[in-house]
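S.K.: Take a look at this one; I'll ask things after.
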Amino acid sequence: MNYFKKISLSALIIVTASLLQAKESEIKITTINVNNGVYMLMGQGGNIGLSVGEDGVFMIDDQFAPLSAKIKAAISKISKKPLKFVINTHWHFDHTGGNENFGKDGAIIVSHNNVRKRMSKEGFIKAFNKTIPAAPKVALPIITFNDEINFYFNNEEIEVLHQKNAHTDGDSIIFFKSSNVVHTGDIYFNGFYPFIDSSSQGSMNGIITSVNYILSRINDKTKIIPGHGKLSNKKELISYRDTLIILRDRMQALIKEGKSIDEIIAMKPNADLDETWGKGFLNPETFLKILYGVIKDNMK
Ligand SMILES: [Zn+2]
């Protein structure tokens with residue numbers, strides 16, 4: 001019996017693995033010329049930001065490990081120089097999955113202190129009941145910072161700033177000051193309800209504070225590379241911020257009225273917004289469950 005169980009389990013693993021592979025082989029990396037040597041790559045997982053120029057290649061986030069070869073091929077079309085730095089906007093596997101491959105190639109991986117801390121040990125994402133194994137040494141950031149770190153690279157001043165307890169407790173946003181581009185990491189899901197990782201100490205108020213800070217730093221010409229979704233701009237980020245405030249206030253009011261999560265789901269409190277924002281990564285119900293947990297934690 002056990003023997004058959006083992007057989008069927010390994011068969012299932014092989015089937016699942018080959019399905020994943022098939023899917024990944026279909027994924028294309030799209031390169032978007034953002035501005036002045038700054039590019040955005042879209043594939044699967046978090047959006048990649050690139051600065052290319054005379055000093056080399058500077059990359060923000062690296063999606064999933066099986067995509068590394070495709071990402072390298074896409075980079076080689078816009079620069080023949082070596083990849084020198086990889087910045088991780090946060091620890092989630094859809095932003096750091098390529099670290100091992102790029103680390104082996106000699107890129108210097110840089111992040112906030114908490115990104116390295118979380119990647120160094122087994123992690124857990126409560127919202128998806130998902131355990132993440134500790135990353136191998138070569139995949140870990142070798143330079144970490146607490147508040148900010150600056151790079152002077154490709155005639156660009158690149159400012160990497162920690163944002164407190166927003167999507168996680170280790171988020172960074174990156175300003176390319178000469179090119180007027182900002183990469184927001186997962187502070188900004190363009191066009192979708194955002195994921196807030198409460199098991200990594202994320203908070204809705206932290207996200208709103210961070211978005212307001214980004215808005216205070218940008219102008220109508222700024223190009224915004226969001227963590228997920230299409231290349232964006234200030235107008236769209238304002239609409240996202242306004243939506244976040246509505247979502248937070250509604251959930252706070254419902255919790256204060258003593259409503260349970262099941263009652264809240266049944267009420268469809270965001271029916272007016274679900275059509276626009278609820279068709280991405282998180283459906284309306286999953287988002288309500290996540291937000292309920294996050295706001296309850298905040299109100300404690
Ligand atoms: Zn994330």
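By order of appearance in the structure tokens: chains A, B, ..., then residues from 1 within every chain, and ligands from 1 in the order shown.
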Can you pull out every residue within 10 Å of segment 106-114 of chain A, counting only C-alpha atoms, but drop anything in the same chain fewer than 4 positions away, and send it as a ChimeraX atom specification?

M.R.: /A:57-61,82-91,96,99-102,118-120,138-149,160-163,168-172,200

S.K.: Residues within 8 Å of ligand 1 should be enumerated using only C-alpha atoms and all ligand atoms and returned as a PyMOL selection string.

M.R.: chain A and resi 46+90-95+167-168+185-186+195-197+227

S.K.: Which is closest to Thr222 of chain A among A:Val181, A:Leu237, A:Ile264, A:Ala166, if we use only C-alpha atoms?

M.R.: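 Closest to Thr222 of chain A of all the choices is A:Val181.
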
S.K.: Using only C-alpha atoms for the distances, tell me which of A:Lys230, A:Val294, A:Ser260, A:Gly278 is nearest to Ile207 of chain A.

M.R.: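 Of the candidates, the smallest distance to Ile207 of chain A is held by A:Val294.
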
S.K.: I need the residues of segment 5-250 of chain A that end up classed as strand (DSSP E or B) by DSSP on the backbone, written out as a PDB file with N, CA and C atoms, in the first residue's frame.

M.R.:
ATOM      1  N   THR A  30       8.959  40.339 -22.124  1.00  0.00           N
ATOM      2  CA  THR A  30       8.709  41.548 -22.919  1.00  0.00           C
ATOM      3  C   THR A  30       9.580  42.677 -22.373  1.00  0.00           C
ATOM      4  N   THR A  31      10.278  43.354 -23.271  1.00  0.00           N
ATOM      5  CA  THR A  31      11.161  44.459 -22.863  1.00  0.00           C
ATOM      6  C   THR A  31      10.499  45.791 -23.212  1.00  0.00           C
ATOM      7  N   ILE A  32      10.383  46.659 -22.230  1.00  0.00           N
ATOM      8  CA  ILE A  32       9.769  47.984 -22.453  1.00  0.00           C
ATOM      9  C   ILE A  32      10.819  49.058 -22.181  1.00  0.00           C
ATOM     10  N   ASN A  33      11.044  49.894 -23.174  1.00  0.00           N
ATOM     11  CA  ASN A  33      12.001  50.994 -23.022  1.00  0.00           C
ATOM     12  C   ASN A  33      11.305  52.105 -22.243  1.00  0.00           C
ATOM     13  N   VAL A  34      11.698  52.296 -20.989  1.00  0.00           N
ATOM     14  CA  VAL A  34      10.972  53.230 -20.125  1.00  0.00           C
ATOM     15  C   VAL A  34      11.458  54.659 -20.347  1.00  0.00           C
ATOM     16  N   ASN A  35      12.755  54.865 -20.180  1.00  0.00           N
ATOM     17  CA  ASN A  35      13.298  56.214 -20.365  1.00  0.00           C
ATOM     18  C   ASN A  35      14.811  56.181 -20.197  1.00  0.00           C
ATOM     19  N   VAL A  38      16.671  53.225 -18.901  1.00  0.00           N
ATOM     20  CA  VAL A  38      15.927  52.431 -17.919  1.00  0.00           C
ATOM     21  C   VAL A  38      14.872  51.608 -18.667  1.00  0.00           C
ATOM     22  N   TYR A  39      14.834  50.326 -18.355  1.00  0.00           N
ATOM     23  CA  TYR A  39      13.919  49.400 -19.022  1.00  0.00           C
ATOM     24  C   TYR A  39      13.090  48.650 -17.981  1.00  0.00           C
ATOM     25  N   MET A  40      12.003  48.102 -18.475  1.00  0.00           N
ATOM     26  CA  MET A  40      11.165  47.233 -17.641  1.00  0.00           C
ATOM     27  C   MET A  40      11.016  45.909 -18.386  1.00  0.00           C
ATOM     28  N   LEU A  41      11.200  44.803 -17.680  1.00  0.00           N
ATOM     29  CA  LEU A  41      10.979  43.487 -18.274  1.00  0.00           C
ATOM     30  C   LEU A  41       9.765  42.856 -17.611  1.00  0.00           C
ATOM     31  N   MET A  42       8.870  42.351 -18.454  1.00  0.00           N
ATOM     32  CA  MET A  42       7.699  41.637 -17.936  1.00  0.00           C
ATOM     33  C   MET A  42       7.759  40.193 -18.402  1.00  0.00           C
ATOM     34  N   ILE A  48      10.520  43.480 -13.608  1.00  0.00           N
ATOM     35  CA  ILE A  48      11.951  43.751 -13.455  1.00  0.00           C
ATOM     36  C   ILE A  48      12.251  45.169 -13.944  1.00  0.00           C
ATOM     37  N   GLY A  49      13.083  45.892 -13.192  1.00  0.00           N
ATOM     38  CA  GLY A  49      13.585  47.193 -13.636  1.00  0.00           C
ATOM     39  C   GLY A  49      15.050  47.047 -13.983  1.00  0.00           C
ATOM     40  N   LEU A  50      15.495  47.758 -15.022  1.00  0.00           N
ATOM     41  CA  LEU A  50      16.900  47.678 -15.445  1.00  0.00           C
ATOM     42  C   LEU A  50      17.440  49.067 -15.698  1.00  0.00           C
ATOM     43  N   SER A  51      18.693  49.296 -15.312  1.00  0.00           N
ATOM     44  CA  SER A  51      19.427  50.455 -15.812  1.00  0.00           C
ATOM     45  C   SER A  51      20.592  49.892 -16.601  1.00  0.00           C
ATOM     46  N   VAL A  52      20.715  50.303 -17.862  1.00  0.00           N
ATOM     47  CA  VAL A  52      21.858  49.845 -18.670  1.00  0.00           C
ATOM     48  C   VAL A  52      22.643  51.065 -19.137  1.00  0.00           C
ATOM     49  N   GLY A  53      23.964  50.898 -19.254  1.00  0.00           N
ATOM     50  CA  GLY A  53      24.804  52.016 -19.682  1.00  0.00           C
ATOM     51  C   GLY A  53      26.260  51.636 -19.586  1.00  0.00           C
ATOM     52  N   GLY A  56      27.533  49.198 -16.776  1.00  0.00           N
ATOM     53  CA  GLY A  56      27.035  47.828 -16.723  1.00  0.00           C
ATOM     54  C   GLY A  56      25.533  47.790 -16.558  1.00  0.00           C
ATOM     55  N   VAL A  57      25.068  46.670 -16.043  1.00  0.00           N
ATOM     56  CA  VAL A  57      23.622  46.466 -15.884  1.00  0.00           C
ATOM     57  C   VAL A  57      23.290  46.413 -14.395  1.00  0.00           C
ATOM     58  N   PHE A  58      22.247  47.121 -14.050  1.00  0.00           N
ATOM     59  CA  PHE A  58      21.728  47.194 -12.680  1.00  0.00           C
ATOM     60  C   PHE A  58      20.297  46.684 -12.765  1.00  0.00           C
ATOM     61  N   MET A  59      19.956  45.678 -11.968  1.00  0.00           N
ATOM     62  CA  MET A  59      18.641  45.051 -12.118  1.00  0.00           C
ATOM     63  C   MET A  59      17.859  45.070 -10.804  1.00  0.00           C
ATOM     64  N   ILE A  60      16.559  45.304 -10.915  1.00  0.00           N
ATOM     65  CA  ILE A  60      15.674  45.241  -9.747  1.00  0.00           C
ATOM     66  C   ILE A  60      14.777  44.016  -9.900  1.00  0.00           C
ATOM     67  N   LEU A  83      26.077  42.117 -15.794  1.00  0.00           N
ATOM     68  CA  LEU A  83      25.120  42.450 -14.738  1.00  0.00           C
ATOM     69  C   LEU A  83      25.910  42.615 -13.444  1.00  0.00           C
ATOM     70  N   LYS A  84      25.891  43.821 -12.881  1.00  0.00           N
ATOM     71  CA  LYS A  84      26.704  44.057 -11.673  1.00  0.00           C
ATOM     72  C   LYS A  84      25.894  43.950 -10.395  1.00  0.00           C
ATOM     73  N   PHE A  85      24.694  44.524 -10.382  1.00  0.00           N
ATOM     74  CA  PHE A  85      23.904  44.542  -9.148  1.00  0.00           C
ATOM     75  C   PHE A  85      22.486  44.024  -9.376  1.00  0.00           C
ATOM     76  N   VAL A  86      22.003  43.293  -8.376  1.00  0.00           N
ATOM     77  CA  VAL A  86      20.585  42.925  -8.338  1.00  0.00           C
ATOM     78  C   VAL A  86      20.031  43.453  -7.021  1.00  0.00           C
ATOM     79  N   ILE A  87      18.974  44.249  -7.097  1.00  0.00           N
ATOM     80  CA  ILE A  87      18.300  44.726  -5.882  1.00  0.00           C
ATOM     81  C   ILE A  87      17.024  43.917  -5.722  1.00  0.00           C
ATOM     82  N   ILE A 108      26.159  41.198  -7.605  1.00  0.00           N
ATOM     83  CA  ILE A 108      26.100  41.532  -6.181  1.00  0.00           C
ATOM     84  C   ILE A 108      24.636  41.791  -5.826  1.00  0.00           C
ATOM     85  N   ILE A 109      24.127  40.989  -4.915  1.00  0.00           N
ATOM     86  CA  ILE A 109      22.703  41.103  -4.553  1.00  0.00           C
ATOM     87  C   ILE A 109      22.582  41.992  -3.316  1.00  0.00           C
ATOM     88  N   VAL A 110      21.674  42.960  -3.402  1.00  0.00           N
ATOM     89  CA  VAL A 110      21.525  43.984  -2.365  1.00  0.00           C
ATOM     90  C   VAL A 110      20.051  44.048  -1.945  1.00  0.00           C
ATOM     91  N   SER A 111      19.825  44.210  -0.632  1.00  0.00           N
ATOM     92  CA  SER A 111      18.429  44.333  -0.180  1.00  0.00           C
ATOM     93  C   SER A 111      18.372  44.982   1.197  1.00  0.00           C
ATOM     94  N   HIS A 112      17.154  45.232   1.646  1.00  0.00           N
ATOM     95  CA  HIS A 112      16.935  45.629   3.035  1.00  0.00           C
ATOM     96  C   HIS A 112      17.316  44.461   3.959  1.00  0.00           C
ATOM     97  N   GLY A 123      10.472  30.237   5.402  1.00  0.00           N
ATOM     98  CA  GLY A 123       9.465  31.284   5.569  1.00  0.00           C
ATOM     99  C   GLY A 123       8.067  30.743   5.358  1.00  0.00           C
ATOM    100  N   PHE A 124       7.083  31.540   5.742  1.00  0.00           N
ATOM    101  CA  PHE A 124       5.694  31.098   5.630  1.00  0.00           C
ATOM    102  C   PHE A 124       4.827  32.287   5.225  1.00  0.00           C
ATOM    103  N   ILE A 125       3.985  32.085   4.205  1.00  0.00           N
ATOM    104  CA  ILE A 125       3.031  33.129   3.812  1.00  0.00           C
ATOM    105  C   ILE A 125       1.638  32.629   4.194  1.00  0.00           C
ATOM    106  N   LYS A 130       1.524  28.867   2.525  1.00  0.00           N
ATOM    107  CA  LYS A 130       2.660  28.403   1.726  1.00  0.00           C
ATOM    108  C   LYS A 130       3.970  28.533   2.515  1.00  0.00           C
ATOM    109  N   THR A 131       4.705  27.424   2.571  1.00  0.00           N
ATOM    110  CA  THR A 131       6.010  27.426   3.232  1.00  0.00           C
ATOM    111  C   THR A 131       7.082  27.609   2.163  1.00  0.00           C
ATOM    112  N   ILE A 132       8.028  28.476   2.457  1.00  0.00           N
ATOM    113  CA  ILE A 132       9.092  28.762   1.488  1.00  0.00           C
ATOM    114  C   ILE A 132      10.408  28.282   2.107  1.00  0.00           C
ATOM    115  N   ILE A 143      24.950  42.459   0.415  1.00  0.00           N
ATOM    116  CA  ILE A 143      24.986  43.789   1.030  1.00  0.00           C
ATOM    117  C   ILE A 143      23.559  44.092   1.466  1.00  0.00           C
ATOM    118  N   THR A 144      23.393  44.499   2.727  1.00  0.00           N
ATOM    119  CA  THR A 144      22.049  44.871   3.184  1.00  0.00           C
ATOM    120  C   THR A 144      22.121  46.239   3.855  1.00  0.00           C
ATOM    121  N   PHE A 145      20.965  46.868   3.980  1.00  0.00           N
ATOM    122  CA  PHE A 145      20.918  48.222   4.562  1.00  0.00           C
ATOM    123  C   PHE A 145      19.666  48.334   5.425  1.00  0.00           C
ATOM    124  N   GLU A 148      18.407  53.308   3.824  1.00  0.00           N
ATOM    125  CA  GLU A 148      18.565  53.610   2.400  1.00  0.00           C
ATOM    126  C   GLU A 148      19.973  53.305   1.924  1.00  0.00           C
ATOM    127  N   ILE A 149      20.094  53.134   0.616  1.00  0.00           N
ATOM    128  CA  ILE A 149      21.408  52.960   0.004  1.00  0.00           C
ATOM    129  C   ILE A 149      21.361  53.639  -1.369  1.00  0.00           C
ATOM    130  N   ASN A 150      22.465  54.264  -1.744  1.00  0.00           N
ATOM    131  CA  ASN A 150      22.504  54.990  -3.017  1.00  0.00           C
ATOM    132  C   ASN A 150      23.547  54.395  -3.939  1.00  0.00           C
ATOM    133  N   PHE A 151      23.243  54.364  -5.227  1.00  0.00           N
ATOM    134  CA  PHE A 151      24.169  53.886  -6.255  1.00  0.00           C
ATOM    135  C   PHE A 151      24.414  55.020  -7.235  1.00  0.00           C
ATOM    136  N   TYR A 152      25.653  55.156  -7.647  1.00  0.00           N
ATOM    137  CA  TYR A 152      26.000  56.151  -8.660  1.00  0.00           C
ATOM    138  C   TYR A 152      26.502  55.349  -9.840  1.00  0.00           C
ATOM    139  N   PHE A 153      25.657  55.153 -10.824  1.00  0.00           N
ATOM    140  CA  PHE A 153      25.855  54.106 -11.811  1.00  0.00           C
ATOM    141  C   PHE A 153      25.192  54.550 -13.100  1.00  0.00           C
ATOM    142  N   GLU A 156      23.625  57.886 -13.331  1.00  0.00           N
ATOM    143  CA  GLU A 156      22.307  57.958 -12.705  1.00  0.00           C
ATOM    144  C   GLU A 156      22.507  57.931 -11.202  1.00  0.00           C
ATOM    145  N   GLU A 157      21.719  58.715 -10.477  1.00  0.00           N
ATOM    146  CA  GLU A 157      21.702  58.557  -9.035  1.00  0.00           C
ATOM    147  C   GLU A 157      20.514  57.664  -8.711  1.00  0.00           C
ATOM    148  N   ILE A 158      20.837  56.491  -8.184  1.00  0.00           N
ATOM    149  CA  ILE A 158      19.776  55.516  -7.912  1.00  0.00           C
ATOM    150  C   ILE A 158      19.588  55.444  -6.402  1.00  0.00           C
ATOM    151  N   GLU A 159      18.411  55.824  -5.949  1.00  0.00           N
ATOM    152  CA  GLU A 159      18.126  55.907  -4.518  1.00  0.00           C
ATOM    153  C   GLU A 159      17.222  54.730  -4.145  1.00  0.00           C
ATOM    154  N   VAL A 160      17.684  53.911  -3.217  1.00  0.00           N
ATOM    155  CA  VAL A 160      16.908  52.748  -2.778  1.00  0.00           C
ATOM    156  C   VAL A 160      16.466  53.029  -1.347  1.00  0.00           C
ATOM    157  N   LEU A 161      15.159  53.100  -1.111  1.00  0.00           N
ATOM    158  CA  LEU A 161      14.639  53.523   0.190  1.00  0.00           C
ATOM    159  C   LEU A 161      13.744  52.463   0.811  1.00  0.00           C
ATOM    160  N   HIS A 162      14.016  52.126   2.054  1.00  0.00           N
ATOM    161  CA  HIS A 162      13.155  51.188   2.780  1.00  0.00           C
ATOM    162  C   HIS A 162      11.816  51.847   3.107  1.00  0.00           C
ATOM    163  N   GLN A 163      10.748  51.070   3.022  1.00  0.00           N
ATOM    164  CA  GLN A 163       9.405  51.533   3.389  1.00  0.00           C
ATOM    165  C   GLN A 163       8.913  50.638   4.514  1.00  0.00           C
ATOM    166  N   ASP A 171      10.333  46.099   2.411  1.00  0.00           N
ATOM    167  CA  ASP A 171      10.126  46.677   1.073  1.00  0.00           C
ATOM    168  C   ASP A 171      11.081  47.814   0.772  1.00  0.00           C
ATOM    169  N   SER A 172      11.537  47.843  -0.472  1.00  0.00           N
ATOM    170  CA  SER A 172      12.291  48.996  -0.959  1.00  0.00           C
ATOM    171  C   SER A 172      11.601  49.567  -2.189  1.00  0.00           C
ATOM    172  N   ILE A 173      11.685  50.894  -2.317  1.00  0.00           N
ATOM    173  CA  ILE A 173      11.306  51.548  -3.565  1.00  0.00           C
ATOM    174  C   ILE A 173      12.581  52.150  -4.133  1.00  0.00           C
ATOM    175  N   ILE A 174      12.655  52.259  -5.455  1.00  0.00           N
ATOM    176  CA  ILE A 174      13.900  52.685  -6.090  1.00  0.00           C
ATOM    177  C   ILE A 174      13.622  53.849  -7.040  1.00  0.00           C
ATOM    178  N   PHE A 175      14.289  54.967  -6.794  1.00  0.00           N
ATOM    179  CA  PHE A 175      14.162  56.131  -7.678  1.00  0.00           C
ATOM    180  C   PHE A 175      15.375  56.203  -8.595  1.00  0.00           C
ATOM    181  N   PHE A 176      15.125  56.257  -9.905  1.00  0.00           N
ATOM    182  CA  PHE A 176      16.172  56.590 -10.889  1.00  0.00           C
ATOM    183  C   PHE A 176      16.024  58.088 -11.099  1.00  0.00           C
ATOM    184  N   VAL A 181      12.220  57.934 -13.121  1.00  0.00           N
ATOM    185  CA  VAL A 181      11.513  56.650 -13.086  1.00  0.00           C
ATOM    186  C   VAL A 181      11.545  56.148 -11.638  1.00  0.00           C
ATOM    187  N   VAL A 182      10.466  55.527 -11.206  1.00  0.00           N
ATOM    188  CA  VAL A 182      10.475  54.879  -9.885  1.00  0.00           C
ATOM    189  C   VAL A 182       9.970  53.439 -10.028  1.00  0.00           C
ATOM    190  N   HIS A 183      10.660  52.519  -9.363  1.00  0.00           N
ATOM    191  CA  HIS A 183      10.199  51.127  -9.251  1.00  0.00           C
ATOM    192  C   HIS A 183       9.641  50.986  -7.845  1.00  0.00           C
ATOM    193  N   PHE A 189       0.336  47.453  -6.945  1.00  0.00           N
ATOM    194  CA  PHE A 189      -0.204  46.488  -7.909  1.00  0.00           C
ATOM    195  C   PHE A 189      -1.046  47.326  -8.872  1.00  0.00           C
ATOM    196  N   LYS A 223       7.692  58.031 -14.861  1.00  0.00           N
ATOM    197  CA  LYS A 223       7.233  56.697 -15.261  1.00  0.00           C
ATOM    198  C   LYS A 223       7.340  55.795 -14.032  1.00  0.00           C
ATOM    199  N   ILE A 224       6.299  55.017 -13.790  1.00  0.00           N
ATOM    200  CA  ILE A 224       6.266  54.160 -12.598  1.00  0.00           C
ATOM    201  C   ILE A 224       6.261  52.691 -13.015  1.00  0.00           C
ATOM    202  N   ILE A 225       7.284  51.964 -12.554  1.00  0.00           N
ATOM    203  CA  ILE A 225       7.308  50.507 -12.749  1.00  0.00           C
ATOM    204  C   ILE A 225       6.680  49.901 -11.500  1.00  0.00           C
ATOM    205  N   HIS A 228       3.594  44.719  -9.945  1.00  0.00           N
ATOM    206  CA  HIS A 228       2.829  43.892 -10.879  1.00  0.00           C
ATOM    207  C   HIS A 228       1.930  44.807 -11.701  1.00  0.00           C
ATOM    208  N   SER A 232       3.221  52.493 -15.402  1.00  0.00           N
ATOM    209  CA  SER A 232       2.166  53.384 -14.919  1.00  0.00           C
ATOM    210  C   SER A 232       2.640  54.832 -14.786  1.00  0.00           C
TER     211      SER A 232
END

S.K.: Interatomic distance between atom CA of Ile295 of chain A and atom CA of Asp274 of chain A?

M.R.: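 Computing it gives 18.9 Å between the two atoms.
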
S.K.: Could you state the separation of atom CA of Met267 of chain A and atom CA of Gly206 of chain A in Å, given to one decimal place?

M.R.: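 A separation of 26.4 Å between them.
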
S.K.: If you measure from atom CA of Tyr240 of chain A to atom CA of Gly258 of chain A, what distance in Å do you get, rounded to one decimal?

M.R.: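 Calculated distance between atom CA of Tyr240 of chain A and atom CA of Gly258 of chain A is 27.3 Å.
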